[in-house]
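*Asks:* Dropping in data.txt, which is compact mmCIF, N, CA and C atoms:
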# COMPACT_ATOMS: atom_id res chain seq x y z
N MET E 1 -165.36 -123.91 174.75
CA MET E 1 -166.21 -125.02 175.10
C MET E 1 -165.42 -126.32 174.94
N LEU E 2 -165.66 -127.22 175.85
CA LEU E 2 -164.94 -128.48 175.88
C LEU E 2 -165.63 -129.47 174.94
N ASN E 3 -164.85 -130.07 174.07
CA ASN E 3 -165.39 -131.05 173.14
C ASN E 3 -165.47 -132.39 173.86
N ARG E 4 -166.67 -132.85 174.15
CA ARG E 4 -166.90 -134.10 174.89
C ARG E 4 -166.39 -135.32 174.13
N ARG E 5 -166.40 -135.23 172.87
CA ARG E 5 -166.02 -136.37 172.06
C ARG E 5 -164.56 -136.76 172.26
N PHE E 6 -163.71 -135.77 172.51
CA PHE E 6 -162.28 -136.06 172.66
C PHE E 6 -161.80 -135.87 174.09
N TYR E 7 -162.76 -135.70 175.03
CA TYR E 7 -162.40 -135.44 176.42
C TYR E 7 -162.14 -136.75 177.15
N THR E 8 -161.01 -136.85 177.82
CA THR E 8 -160.68 -137.99 178.67
C THR E 8 -160.67 -137.49 180.10
N PRO E 9 -161.51 -138.08 180.97
CA PRO E 9 -161.56 -137.58 182.34
C PRO E 9 -160.23 -137.79 183.05
N SER E 10 -159.86 -136.81 183.86
CA SER E 10 -158.63 -136.93 184.63
C SER E 10 -158.88 -137.84 185.83
N MET E 11 -157.80 -138.19 186.47
CA MET E 11 -157.91 -139.01 187.66
C MET E 11 -158.75 -138.28 188.71
N TRP E 12 -158.62 -136.98 188.84
CA TRP E 12 -159.35 -136.19 189.83
C TRP E 12 -160.85 -136.16 189.50
N ASP E 13 -161.16 -136.04 188.23
CA ASP E 13 -162.57 -136.06 187.82
C ASP E 13 -163.20 -137.40 188.17
N GLU E 14 -162.47 -138.45 187.93
CA GLU E 14 -162.98 -139.79 188.22
C GLU E 14 -163.16 -140.00 189.73
N MET E 15 -162.22 -139.50 190.54
CA MET E 15 -162.34 -139.62 191.99
C MET E 15 -163.53 -138.81 192.49
N GLU E 16 -163.76 -137.65 191.92
CA GLU E 16 -164.90 -136.82 192.28
C GLU E 16 -166.22 -137.54 191.96
N ARG E 17 -166.27 -138.19 190.81
CA ARG E 17 -167.46 -138.93 190.41
C ARG E 17 -167.72 -140.08 191.37
N VAL E 18 -166.67 -140.82 191.74
CA VAL E 18 -166.81 -141.93 192.67
C VAL E 18 -167.28 -141.42 194.04
N GLN E 19 -166.72 -140.27 194.48
CA GLN E 19 -167.13 -139.69 195.77
C GLN E 19 -168.61 -139.31 195.74
N ARG E 20 -169.08 -138.68 194.66
CA ARG E 20 -170.49 -138.32 194.53
C ARG E 20 -171.38 -139.57 194.58
N GLU E 21 -170.96 -140.60 193.90
CA GLU E 21 -171.73 -141.85 193.87
C GLU E 21 -171.77 -142.51 195.25
N MET E 22 -170.64 -142.51 195.98
CA MET E 22 -170.61 -143.06 197.34
C MET E 22 -171.51 -142.25 198.27
N ASN E 23 -171.47 -140.93 198.18
CA ASN E 23 -172.33 -140.08 199.00
C ASN E 23 -173.80 -140.39 198.73
N ARG E 24 -174.15 -140.53 197.46
CA ARG E 24 -175.53 -140.84 197.11
C ARG E 24 -175.93 -142.20 197.68
N LEU E 25 -175.06 -143.17 197.57
CA LEU E 25 -175.33 -144.51 198.08
C LEU E 25 -175.55 -144.49 199.60
N PHE E 26 -174.65 -143.82 200.34
CA PHE E 26 -174.80 -143.76 201.79
C PHE E 26 -176.02 -142.96 202.20
N ASN E 27 -176.30 -141.87 201.53
CA ASN E 27 -177.48 -141.08 201.86
C ASN E 27 -178.75 -141.88 201.63
N ASP E 28 -178.82 -142.60 200.54
CA ASP E 28 -180.01 -143.41 200.26
C ASP E 28 -180.16 -144.54 201.28
N THR E 29 -179.04 -145.09 201.72
CA THR E 29 -179.08 -146.22 202.63
C THR E 29 -179.36 -145.81 204.07
N PHE E 30 -178.65 -144.79 204.56
CA PHE E 30 -178.71 -144.48 205.99
C PHE E 30 -179.58 -143.30 206.36
N MET E 31 -179.80 -142.38 205.49
CA MET E 31 -180.54 -141.17 205.86
C MET E 31 -182.03 -141.42 206.03
N ASN E 32 -182.57 -142.42 205.40
CA ASN E 32 -184.00 -142.68 205.50
C ASN E 32 -184.36 -143.70 206.58
N ARG E 33 -183.36 -144.19 207.29
CA ARG E 33 -183.61 -145.13 208.38
C ARG E 33 -183.89 -144.37 209.65
N PRO E 34 -184.78 -144.88 210.49
CA PRO E 34 -184.96 -144.23 211.78
C PRO E 34 -183.71 -144.41 212.63
N ALA E 35 -183.42 -143.42 213.46
CA ALA E 35 -182.25 -143.51 214.33
C ALA E 35 -182.46 -144.64 215.34
N LEU E 36 -181.38 -145.28 215.72
CA LEU E 36 -181.47 -146.32 216.73
C LEU E 36 -181.86 -145.68 218.05
N PRO E 37 -182.79 -146.26 218.78
CA PRO E 37 -183.19 -145.64 220.04
C PRO E 37 -182.08 -145.72 221.07
N ALA E 38 -181.96 -144.68 221.86
CA ALA E 38 -181.00 -144.69 222.96
C ALA E 38 -181.52 -145.64 224.03
N GLU E 39 -180.64 -146.09 224.89
CA GLU E 39 -181.09 -146.97 225.96
C GLU E 39 -182.05 -146.20 226.86
N PHE E 40 -183.05 -146.88 227.33
CA PHE E 40 -184.05 -146.25 228.19
C PHE E 40 -184.14 -147.01 229.49
N PRO E 41 -184.20 -146.35 230.60
CA PRO E 41 -184.17 -144.91 230.76
C PRO E 41 -182.75 -144.37 230.72
N ALA E 42 -182.62 -143.08 230.41
CA ALA E 42 -181.32 -142.42 230.44
C ALA E 42 -180.88 -142.33 231.90
N VAL E 43 -179.61 -142.66 232.16
CA VAL E 43 -179.11 -142.64 233.53
C VAL E 43 -177.83 -141.81 233.63
N ASN E 44 -177.61 -141.25 234.81
CA ASN E 44 -176.34 -140.63 235.19
C ASN E 44 -175.87 -141.36 236.43
N VAL E 45 -174.56 -141.59 236.53
CA VAL E 45 -173.99 -142.30 237.68
C VAL E 45 -172.79 -141.50 238.18
N TRP E 46 -172.83 -141.15 239.48
CA TRP E 46 -171.71 -140.47 240.11
C TRP E 46 -171.12 -141.41 241.14
N ALA E 47 -169.81 -141.61 241.10
CA ALA E 47 -169.15 -142.51 242.04
C ALA E 47 -168.21 -141.71 242.93
N GLY E 48 -168.23 -142.02 244.22
CA GLY E 48 -167.33 -141.41 245.19
C GLY E 48 -166.76 -142.51 246.07
N ASN E 49 -166.01 -142.12 247.10
CA ASN E 49 -165.43 -143.11 248.01
C ASN E 49 -166.48 -143.86 248.82
N ASP E 50 -167.60 -143.18 249.12
CA ASP E 50 -168.62 -143.79 249.97
C ASP E 50 -169.68 -144.57 249.22
N GLY E 51 -169.80 -144.33 247.92
CA GLY E 51 -170.83 -145.04 247.17
C GLY E 51 -171.11 -144.40 245.83
N VAL E 52 -172.29 -144.71 245.32
CA VAL E 52 -172.71 -144.24 243.99
C VAL E 52 -174.09 -143.60 244.11
N ILE E 53 -174.27 -142.53 243.38
CA ILE E 53 -175.60 -141.94 243.22
C ILE E 53 -175.98 -142.18 241.77
N LEU E 54 -177.15 -142.76 241.56
CA LEU E 54 -177.65 -143.05 240.22
C LEU E 54 -178.97 -142.30 240.04
N THR E 55 -179.09 -141.59 238.92
CA THR E 55 -180.38 -140.96 238.60
C THR E 55 -180.84 -141.50 237.25
N ALA E 56 -182.13 -141.68 237.12
CA ALA E 56 -182.72 -142.17 235.88
C ALA E 56 -183.94 -141.32 235.54
N GLU E 57 -184.05 -140.93 234.28
CA GLU E 57 -185.21 -140.16 233.83
C GLU E 57 -186.30 -141.12 233.37
N ILE E 58 -187.41 -141.15 234.11
CA ILE E 58 -188.51 -142.05 233.77
C ILE E 58 -189.84 -141.31 233.90
N PRO E 59 -190.03 -140.23 233.13
CA PRO E 59 -191.31 -139.52 233.24
C PRO E 59 -192.46 -140.41 232.78
N GLY E 60 -193.55 -140.32 233.51
CA GLY E 60 -194.73 -141.11 233.15
C GLY E 60 -194.76 -142.50 233.73
N ALA E 61 -193.68 -142.91 234.41
CA ALA E 61 -193.65 -144.26 235.02
C ALA E 61 -194.35 -144.22 236.36
N ASN E 62 -194.92 -145.34 236.74
CA ASN E 62 -195.55 -145.48 238.04
C ASN E 62 -194.46 -145.91 239.02
N PRO E 63 -194.14 -145.08 240.03
CA PRO E 63 -193.04 -145.43 240.94
C PRO E 63 -193.30 -146.73 241.70
N ASP E 64 -194.56 -147.08 241.94
CA ASP E 64 -194.86 -148.32 242.65
C ASP E 64 -194.55 -149.55 241.79
N ALA E 65 -194.47 -149.38 240.49
CA ALA E 65 -194.21 -150.50 239.58
C ALA E 65 -192.72 -150.63 239.22
N LEU E 66 -191.87 -149.76 239.76
CA LEU E 66 -190.44 -149.84 239.48
C LEU E 66 -189.82 -150.94 240.33
N ASP E 67 -188.88 -151.66 239.74
CA ASP E 67 -188.19 -152.75 240.44
C ASP E 67 -186.70 -152.48 240.38
N ILE E 68 -186.08 -152.31 241.54
CA ILE E 68 -184.64 -152.04 241.62
C ILE E 68 -183.99 -153.19 242.36
N ASN E 69 -183.01 -153.82 241.72
CA ASN E 69 -182.30 -154.96 242.32
C ASN E 69 -180.81 -154.69 242.29
N VAL E 70 -180.12 -155.13 243.35
CA VAL E 70 -178.67 -154.99 243.44
C VAL E 70 -178.09 -156.37 243.71
N VAL E 71 -177.15 -156.78 242.86
CA VAL E 71 -176.43 -158.03 243.06
C VAL E 71 -174.96 -157.73 242.84
N GLY E 72 -174.18 -157.74 243.93
CA GLY E 72 -172.75 -157.45 243.83
C GLY E 72 -172.50 -156.06 243.30
N GLN E 73 -171.96 -155.98 242.08
CA GLN E 73 -171.63 -154.70 241.46
C GLN E 73 -172.63 -154.30 240.37
N THR E 74 -173.74 -155.00 240.28
CA THR E 74 -174.71 -154.73 239.21
C THR E 74 -176.03 -154.26 239.79
N VAL E 75 -176.55 -153.19 239.20
CA VAL E 75 -177.86 -152.65 239.57
C VAL E 75 -178.77 -152.83 238.37
N SER E 76 -179.98 -153.31 238.62
CA SER E 76 -180.96 -153.39 237.53
C SER E 76 -182.17 -152.56 237.91
N ILE E 77 -182.66 -151.82 236.93
CA ILE E 77 -183.87 -151.02 237.09
C ILE E 77 -184.83 -151.50 236.02
N SER E 78 -186.03 -151.89 236.43
CA SER E 78 -187.02 -152.32 235.44
C SER E 78 -188.39 -151.78 235.84
N GLY E 79 -189.24 -151.71 234.85
CA GLY E 79 -190.59 -151.21 235.06
C GLY E 79 -191.27 -151.05 233.72
N SER E 80 -192.27 -150.19 233.68
CA SER E 80 -192.93 -149.92 232.41
C SER E 80 -193.46 -148.50 232.40
N ARG E 81 -193.64 -147.99 231.21
CA ARG E 81 -194.20 -146.66 231.02
C ARG E 81 -195.19 -146.76 229.88
N GLU E 82 -196.41 -146.40 230.16
CA GLU E 82 -197.47 -146.49 229.15
C GLU E 82 -197.86 -145.10 228.68
N VAL E 83 -198.21 -145.01 227.42
CA VAL E 83 -198.70 -143.77 226.85
C VAL E 83 -200.21 -143.91 226.70
N ASN E 84 -200.94 -143.00 227.31
CA ASN E 84 -202.39 -143.04 227.23
C ASN E 84 -202.88 -141.96 226.28
N LEU E 85 -203.55 -142.36 225.23
CA LEU E 85 -204.16 -141.41 224.30
C LEU E 85 -205.59 -141.14 224.75
N SER E 86 -205.94 -139.88 224.85
CA SER E 86 -207.31 -139.56 225.26
C SER E 86 -208.28 -139.79 224.11
N ASP E 87 -207.79 -139.63 222.88
CA ASP E 87 -208.64 -139.82 221.70
C ASP E 87 -208.29 -141.16 221.06
N LYS E 88 -209.18 -142.13 221.18
CA LYS E 88 -208.90 -143.49 220.67
C LYS E 88 -208.84 -143.52 219.14
N GLU E 89 -209.38 -142.50 218.48
CA GLU E 89 -209.36 -142.45 217.01
C GLU E 89 -208.04 -141.89 216.48
N ALA E 90 -207.24 -141.29 217.37
CA ALA E 90 -205.99 -140.64 216.94
C ALA E 90 -204.95 -141.69 216.56
N HIS E 91 -204.12 -141.32 215.60
CA HIS E 91 -203.00 -142.16 215.16
C HIS E 91 -201.73 -141.35 215.34
N TYR E 92 -200.63 -142.04 215.59
CA TYR E 92 -199.36 -141.34 215.76
C TYR E 92 -198.97 -140.62 214.48
N HIS E 93 -198.60 -139.38 214.65
CA HIS E 93 -197.97 -138.62 213.57
C HIS E 93 -196.46 -138.73 213.74
N ARG E 94 -196.02 -138.71 215.01
CA ARG E 94 -194.61 -138.84 215.35
C ARG E 94 -194.55 -139.43 216.76
N GLN E 95 -193.67 -140.40 216.98
CA GLN E 95 -193.52 -141.00 218.30
C GLN E 95 -192.04 -141.12 218.62
N GLU E 96 -191.57 -140.29 219.53
CA GLU E 96 -190.17 -140.31 219.93
C GLU E 96 -189.99 -140.82 221.35
N ARG E 97 -191.01 -140.68 222.19
CA ARG E 97 -190.93 -141.17 223.56
C ARG E 97 -191.24 -142.66 223.58
N GLN E 98 -190.34 -143.42 224.18
CA GLN E 98 -190.53 -144.86 224.25
C GLN E 98 -191.57 -145.19 225.30
N SER E 99 -192.29 -146.26 225.05
CA SER E 99 -193.25 -146.74 226.04
C SER E 99 -193.13 -148.26 226.10
N GLY E 100 -193.76 -148.82 227.13
CA GLY E 100 -193.71 -150.26 227.32
C GLY E 100 -192.74 -150.64 228.42
N LYS E 101 -192.40 -151.91 228.49
CA LYS E 101 -191.51 -152.42 229.54
C LYS E 101 -190.06 -152.07 229.23
N PHE E 102 -189.28 -151.88 230.28
CA PHE E 102 -187.86 -151.57 230.12
C PHE E 102 -187.06 -152.23 231.24
N THR E 103 -185.79 -152.46 230.97
CA THR E 103 -184.83 -152.95 231.96
C THR E 103 -183.47 -152.35 231.64
N ARG E 104 -182.80 -151.80 232.63
CA ARG E 104 -181.43 -151.31 232.47
C ARG E 104 -180.56 -152.02 233.48
N LEU E 105 -179.42 -152.50 233.04
CA LEU E 105 -178.40 -153.09 233.91
C LEU E 105 -177.21 -152.16 233.90
N ILE E 106 -176.77 -151.75 235.09
CA ILE E 106 -175.64 -150.84 235.20
C ILE E 106 -174.58 -151.51 236.05
N GLU E 107 -173.39 -151.64 235.49
CA GLU E 107 -172.26 -152.24 236.20
C GLU E 107 -171.54 -151.12 236.94
N LEU E 108 -171.33 -151.32 238.24
CA LEU E 108 -170.69 -150.31 239.09
C LEU E 108 -169.23 -150.66 239.33
N PRO E 109 -168.42 -149.68 239.75
CA PRO E 109 -166.98 -149.94 239.93
C PRO E 109 -166.64 -150.67 241.23
N PHE E 110 -167.64 -150.95 242.09
CA PHE E 110 -167.38 -151.66 243.33
C PHE E 110 -168.67 -152.32 243.81
N THR E 111 -168.54 -153.15 244.84
CA THR E 111 -169.69 -153.87 245.40
C THR E 111 -170.53 -152.93 246.26
N VAL E 112 -171.85 -153.08 246.14
CA VAL E 112 -172.79 -152.22 246.85
C VAL E 112 -173.33 -152.96 248.07
N ASP E 113 -173.53 -152.22 249.17
CA ASP E 113 -174.17 -152.77 250.37
C ASP E 113 -175.68 -152.71 250.13
N ALA E 114 -176.25 -153.80 249.65
CA ALA E 114 -177.65 -153.84 249.23
C ALA E 114 -178.61 -153.54 250.37
N SER E 115 -178.23 -153.81 251.60
CA SER E 115 -179.13 -153.56 252.73
C SER E 115 -179.30 -152.08 253.04
N LYS E 116 -178.44 -151.22 252.49
CA LYS E 116 -178.50 -149.78 252.77
C LYS E 116 -178.92 -148.95 251.56
N VAL E 117 -179.33 -149.59 250.49
CA VAL E 117 -179.74 -148.85 249.28
C VAL E 117 -181.03 -148.10 249.55
N GLN E 118 -181.08 -146.85 249.09
CA GLN E 118 -182.28 -146.02 249.22
C GLN E 118 -182.66 -145.48 247.85
N ALA E 119 -183.97 -145.40 247.57
CA ALA E 119 -184.45 -144.89 246.27
C ALA E 119 -185.57 -143.89 246.52
N ARG E 120 -185.60 -142.86 245.68
CA ARG E 120 -186.61 -141.83 245.76
C ARG E 120 -187.04 -141.47 244.34
N PHE E 121 -188.33 -141.21 244.14
CA PHE E 121 -188.86 -140.86 242.83
C PHE E 121 -189.56 -139.51 242.96
N ASP E 122 -189.11 -138.53 242.19
CA ASP E 122 -189.68 -137.18 242.27
C ASP E 122 -189.73 -136.56 240.88
N LYS E 123 -190.92 -136.19 240.44
CA LYS E 123 -191.13 -135.49 239.17
C LYS E 123 -190.51 -136.23 237.98
N GLY E 124 -190.63 -137.54 237.99
CA GLY E 124 -190.15 -138.34 236.87
C GLY E 124 -188.69 -138.72 236.94
N ILE E 125 -188.00 -138.32 238.01
CA ILE E 125 -186.58 -138.66 238.18
C ILE E 125 -186.44 -139.65 239.33
N LEU E 126 -185.83 -140.79 239.04
CA LEU E 126 -185.52 -141.78 240.06
C LEU E 126 -184.11 -141.50 240.56
N LEU E 127 -183.94 -141.37 241.87
CA LEU E 127 -182.62 -141.16 242.48
C LEU E 127 -182.35 -142.35 243.39
N VAL E 128 -181.26 -143.04 243.14
CA VAL E 128 -180.91 -144.23 243.93
C VAL E 128 -179.55 -144.00 244.57
N ASN E 129 -179.49 -144.12 245.89
CA ASN E 129 -178.24 -143.99 246.64
C ASN E 129 -177.74 -145.40 246.91
N LEU E 130 -176.57 -145.73 246.38
CA LEU E 130 -176.00 -147.07 246.47
C LEU E 130 -174.69 -147.01 247.27
N PRO E 131 -174.74 -147.26 248.58
CA PRO E 131 -173.52 -147.17 249.39
C PRO E 131 -172.57 -148.34 249.13
N ARG E 132 -171.32 -148.02 249.22
CA ARG E 132 -170.26 -149.00 249.02
C ARG E 132 -170.14 -149.90 250.25
N VAL E 133 -169.81 -151.17 250.02
CA VAL E 133 -169.56 -152.10 251.13
C VAL E 133 -168.41 -151.54 251.97
N GLU E 134 -168.61 -151.54 253.29
CA GLU E 134 -167.62 -150.93 254.20
C GLU E 134 -166.22 -151.52 254.01
N ALA E 135 -166.13 -152.83 253.79
CA ALA E 135 -164.83 -153.49 253.65
C ALA E 135 -164.07 -153.02 252.41
N GLU E 136 -164.77 -152.49 251.42
CA GLU E 136 -164.11 -152.07 250.18
C GLU E 136 -163.82 -150.57 250.13
N LYS E 137 -164.26 -149.82 251.16
CA LYS E 137 -163.99 -148.38 251.17
C LYS E 137 -162.50 -148.15 251.36
N PRO E 138 -161.97 -147.12 250.73
CA PRO E 138 -160.54 -146.82 250.91
C PRO E 138 -160.24 -146.47 252.36
N LYS E 139 -159.16 -146.96 252.86
CA LYS E 139 -158.74 -146.70 254.24
C LYS E 139 -157.48 -145.84 254.22
N LYS E 140 -157.47 -144.83 255.07
CA LYS E 140 -156.27 -143.99 255.19
C LYS E 140 -155.31 -144.70 256.13
N ILE E 141 -154.11 -144.87 255.68
CA ILE E 141 -153.07 -145.52 256.46
C ILE E 141 -152.13 -144.45 257.01
N THR E 142 -151.94 -144.44 258.31
CA THR E 142 -151.02 -143.48 258.89
C THR E 142 -149.62 -144.09 258.91
N VAL E 143 -148.68 -143.27 258.62
CA VAL E 143 -147.29 -143.72 258.58
C VAL E 143 -146.64 -143.30 259.90
N LYS E 144 -146.06 -144.25 260.59
CA LYS E 144 -145.37 -143.97 261.86
C LYS E 144 -143.92 -143.69 261.58
N VAL E 145 -143.42 -142.74 262.34
CA VAL E 145 -142.01 -142.36 262.20
C VAL E 145 -141.22 -143.01 263.32
N SER E 146 -140.15 -143.70 262.99
CA SER E 146 -139.29 -144.33 264.00
C SER E 146 -138.39 -143.26 264.62
N ALA E 147 -138.20 -143.38 265.90
CA ALA E 147 -137.34 -142.41 266.59
C ALA E 147 -135.94 -142.89 266.70
If you took the structure in this file and wrote it as structure tokens, what would it be?
*Replies:*
Amino acid sequence: MLNRRFYTPSMWDEMERVQREMNRLFNDTFMNRPALPAEFPAVNVWAGNDGVILTAEIPGANPDALDINVVGQTVSISGSREVNLSDKEAHYHRQERQSGKFTRLIELPFTVDASKVQARFDKGILLVNLPRVEAEKPKKITVKVSA
């Protein structure tokens, strides 16, 4: 048995104690906080030579209330999503789905031809086709051979 009265902690014991204390401090500080919400709505963006396809997950949104704007290389999607409780006496036990007004700004790698943008909403997924300005599309250059 180790006599505590004459025991001097080693450097390793002291480092272990400090590590335990730091873990406790971080767990107390960060583990009880709610996670930061992800940006809403979640979007995927695919870019090709002809343009961009953007999809956004917006279940429960009214497609007539969605506002899509294109300015140069920036697309903005805004609208709102409301949660309707059938029982007015009910209180949230857990709420993970965001509700209320939202706006997303997405910077694209090239200028969009705003006059040709098309949007479709199906089963809670917004699909936006954003064609590239013709002048900025890559052009194939043919090389001529001198005779």
*Asks:* Between atom C of E:Ala61 and atom CA of E:Ala119, what is the distance, to one decimal in Å?
*Replies:*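 Spanning atom C of E:Ala61 to atom CA of E:Ala119 is a straight-line distance of 14.0 Å.
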*Asks:* Provide the atom CA of E:Pro41 to atom CA of E:Lys88 distance in Å, to one decimal place.
*Replies:*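 Between atom CA of E:Pro41 and atom CA of E:Lys88 the gap works out to 26.7 Å.
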*Asks:* Which is closest to E:Gly60 among E:Gly124, E:Trp46, E:Glu134, E:Arg20, if we use all atoms listed in the file?
*Replies:*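 Counting all atoms listed in the file, the residue closest to E:Gly60 is E:Gly124.
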*Asks:* Given all atoms listed in the file as the basis, pick out the residue of E:Gln98, E:Ala65, E:Leu126, E:Arg24 nearest to E:Val83.
*Replies:*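 Once distances to E:Val83 are computed over all atoms listed in the file, the minimum belongs to E:Gln98.
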*Asks:* Select, from E:Met15, E:Asn23, E:Asn49, E:Arg104, the residue with the minimum atom-to-atom distance to E:Pro131, counting all atoms listed in the file.
*Replies:*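 Once distances to E:Pro131 are computed over all atoms listed in the file, the minimum belongs to E:Asn49.
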*Asks:* Can you work out the spacing between atom C of E:Gln95 and atom CA of E:Ile125 in Å, to one decimal?
*Replies:*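 A separation of 20.5 Å between them.
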*Asks:* Pick out the closest residue to E:Pro138 from this set: E:Asp67, E:Ala42, E:Lys101, E:Asp50. Count only C-alpha atoms.
*Replies:*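 Answer, going by the shortest atom-to-atom distance: E:Asp50.
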*Asks:* Within 5 Å of E:Gly51, counting all atoms listed in the file, which residues show up once you throw out same-chain ones fewer than 3 positions away? Write them as a PyMOL selection string, please.
*Replies:* chain E and resi 47-48+130-132
*Asks:* Rank nothing, just name the residue among E:Val143, E:Leu127, E:Lys116, E:Ala135 nearest to E:Glu57, using all atoms listed in the file.
*Replies:*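 Checking each of E:Val143, E:Leu127, E:Lys116, E:Ala135 against E:Glu57, counting all atoms listed in the file, the winner is E:Leu127.
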*Asks:* Run DSSP on the backbone of this structure and report the residues of chain E it assigns to strand (DSSP E), as a VMD selection string.
*Replies:* chain E and resid 42 to 47 51 to 57 67 to 71 74 to 81 100 to 107 118 to 122 125 to 131
*Asks:* Just list as a list in words whatever in stretch 35-123 of chain E DSSP marks as helix (DSSP H, G or I).
*Replies:*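 For stretch 35-123 of chain E, the helix (DSSP H, G or I) set is Pro63, Asp64, Ala65, Ala114, Ser115 and Lys116 of chain E.
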*Asks:* If we count only C-alpha atoms, what is near E:Thr111 at a cut-off of 9 Å, once residues fewer than 3 positions away on the same chain are taken out, given as a ChimeraX atom specification?
*Replies:* /E:71-74,108,114,131-133,136
*Asks:* Restricting the calculation to only C-alpha atoms, which member of E:Asn69, E:Gln19, E:Ser76, E:Thr103 is positioned closest to E:Glu39?
*Replies:*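 Checking each candidate against E:Glu39, we get E:Thr103 as the closest.
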*Asks:* Counting all atoms listed in the file, what is within 6 Å of E:Val45, bar same-chain residues fewer than 3 positions away, as JSON, numbers by chain?
*Replies:* {"E": [53, 54, 55]}
